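Listing of final08.csv, CSV, C-alpha atoms
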```csv
chain,number,residue,atom,x,y,z
A,1,MET,CA,-11.0,14.5,3.0
A,2,LYS,CA,-8.5,12.3,4.7
A,3,ARG,CA,-6.0,10.2,2.7
A,4,ILE,CA,-4.0,7.2,3.8
A,5,LEU,CA,-1.2,5.3,2.2
A,6,GLN,CA,-1.1,1.5,2.5
A,7,ILE,CA,2.3,0.1,1.9
A,8,VAL,CA,2.1,-3.5,0.6
A,9,PRO,CA,4.6,-6.1,-0.7
A,10,SER,CA,2.8,-6.2,-4.1
A,11,ALA,CA,-0.2,-4.4,-5.5
A,12,PRO,CA,-3.6,-5.8,-4.7
A,13,GLY,CA,-4.7,-8.3,-7.2
A,14,PRO,CA,-6.0,-11.8,-7.7
A,15,CYS,CA,-4.8,-14.3,-5.2
A,16,ASP,CA,-2.7,-12.0,-3.1
A,17,GLY,CA,-3.5,-12.4,0.6
A,18,VAL,CA,-1.9,-9.2,2.0
A,19,GLY,CA,-2.9,-7.1,-1.0
A,20,ASP,CA,-6.5,-8.5,-0.9
A,21,TYR,CA,-6.7,-7.6,2.8
A,22,ALA,CA,-5.4,-4.1,2.1
A,23,LEU,CA,-7.9,-3.7,-0.7
A,24,ASN,CA,-10.8,-4.7,1.6
A,25,VAL,CA,-9.5,-2.2,4.2
A,26,ALA,CA,-9.5,0.5,1.6
A,27,ARG,CA,-13.0,-0.3,0.5
A,28,GLU,CA,-14.3,-0.2,4.0
A,29,LEU,CA,-12.5,3.1,4.9
A,30,ARG,CA,-14.0,4.7,1.8
A,31,SER,CA,-17.5,3.3,2.4
A,32,ALA,CA,-17.8,3.9,6.1
A,33,PHE,CA,-15.7,7.0,6.6
A,34,GLY,CA,-15.1,8.6,3.3
A,35,ILE,CA,-11.3,8.1,3.6
A,36,GLU,CA,-9.4,7.7,0.4
A,37,THR,CA,-6.5,5.2,0.1
A,38,ALA,CA,-3.5,4.9,-2.2
A,39,PHE,CA,-1.3,1.9,-2.3
A,40,ALA,CA,2.5,1.9,-2.5
A,41,SER,CA,3.9,-1.4,-3.8
A,42,HIS,CA,7.3,-2.8,-3.1
A,43,GLN,CA,7.2,-4.8,-6.3
A,44,GLU,CA,6.9,-2.8,-9.4
A,45,THR,CA,3.7,-3.2,-11.4
A,46,ALA,CA,2.3,-1.9,-14.6
A,47,ALA,CA,-1.1,-1.2,-12.9
A,48,ARG,CA,-1.6,2.4,-11.8
A,49,GLU,CA,-4.9,1.8,-10.0
A,50,ILE,CA,-7.3,-0.8,-8.7
A,51,GLU,CA,-10.9,0.0,-8.2
A,52,SER,CA,-10.0,3.7,-8.5
A,53,PHE,CA,-7.4,3.4,-5.7
A,54,PRO,CA,-4.1,4.7,-7.0
A,55,ILE,CA,-1.0,2.5,-7.0
A,56,ILE,CA,2.3,4.3,-6.7
A,57,SER,CA,5.9,3.3,-6.5
A,58,LEU,CA,7.6,3.3,-3.1
A,59,ARG,CA,10.1,5.7,-4.7
A,60,ASP,CA,7.3,8.3,-5.0
A,61,VAL,CA,6.0,8.1,-1.5
A,62,ALA,CA,8.1,11.0,-0.1
A,63,THR,CA,6.7,13.4,-2.8
A,64,LYS,CA,3.1,12.8,-1.7
A,65,HIS,CA,1.1,13.9,1.3
A,66,TYR,CA,-0.9,11.4,3.3
A,67,ASP,CA,-2.6,11.9,6.7
A,68,SER,CA,-1.5,8.4,7.8
A,69,ARG,CA,0.5,5.5,6.5
A,70,VAL,CA,-0.2,1.8,7.1
A,71,LEU,CA,2.5,-0.8,6.6
A,72,HIS,CA,1.2,-4.2,6.0
A,73,TYR,CA,4.3,-6.1,7.2
A,74,VAL,CA,4.9,-9.7,6.3
A,75,ASN,CA,8.6,-10.6,6.5
A,76,TYR,CA,8.6,-12.6,3.2
A,77,GLY,CA,7.2,-9.8,1.0
A,78,PHE,CA,9.8,-7.1,1.4
A,79,ASP,CA,13.2,-8.7,1.8
A,80,ARG,CA,14.5,-12.2,1.3
A,81,ARG,CA,15.9,-12.2,4.8
A,82,GLY,CA,12.7,-10.8,6.3
A,83,VAL,CA,14.2,-7.5,7.4
A,84,PRO,CA,13.4,-4.5,5.2
A,85,SER,CA,16.1,-2.3,6.6
A,86,TRP,CA,15.8,0.1,3.6
A,87,LEU,CA,12.2,0.8,4.4
A,88,PRO,CA,12.6,3.6,7.0
A,89,SER,CA,14.7,5.7,4.7
```

Please go through the file and, once you have read it, give me the structure as structure tokens.
Amino acid sequence: MKRILQIVPSAPGPCDGVGDYALNVARELRSAFGIETAFASHQETAAREIESFPIISLRDVATKHYDSRVLHYVNYGFDRRGVPSWLPS
């Protein structure tokens, strides 16, 4: 089974445009292709999953294996200046 990681500014939830879009992508990937998704959130959250999709901290990304990674980039979500220079590391 393929697994992807979607990196989002904040965990999917009510009234979050980027997170909602990422959640819809995850639903469709699971439904149409059997691909499982996990979310890595820049902003810490108490939630550990949404609709059975795991939510992990960006600090834990390097310790997990994913077939692909998708960055949902919006300049306002990751850094106040719009440049998440820490993200590649």

*Compare A:Ile56, A:Ile4, A:Leu71, A:Leu29 by their minimum atom-to-atom distance to A:Glu44, counting all atoms listed in the file, and give me the closest one.*
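Using all atoms listed in the file, the shortest distance to A:Glu44 belongs to A:Ile56.
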
*Enter the distance from atom CA of A:Gly34 to atom CA of A:Ser68, in Å, rounded to one decimal.*
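A separation of 14.3 Å between them.
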
*Residue nearest A:Val61 among A:Glu49, A:Tyr73, A:His42, A:Gly19 (counting only C-alpha atoms)*: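 That would be A:His42, the residue with the smallest distance to A:Val61.
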
*Between atom CA of A:Thr37 and atom CA of A:Ile50, measure the distance and give it in Å to one decimal.*
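Calculated distance between atom CA of A:Thr37 and atom CA of A:Ile50 is 10.7 Å.
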
*Do you know which residues are at most 8 Å from A:Gln43 counting all atoms listed in the file, after dropping those on the same chain fewer than 5 positions away, and could you put them as a list in words?*
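These residues fall inside the cut-off: Pro9, Ser10 and Ala11 of chain A.
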
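Atom pair atom CA of A:Asp67 / atom CA of A:Leu5: separated by 8.1 Å.
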
_Counting only C-alpha atoms, which residues sit no farther than 12 Å from the position (-7.1, -4.3, -3.6) in the file's frame? I'd like them as JSON, numbers by chain._
{"A": [6, 7, 8, 10, 11, 12, 13, 14, 15, 16, 17, 18, 19, 20, 21, 22, 23, 24, 25, 26, 27, 28, 37, 38, 39, 40, 41, 47, 48, 49, 50, 51, 52, 53, 54, 55]}
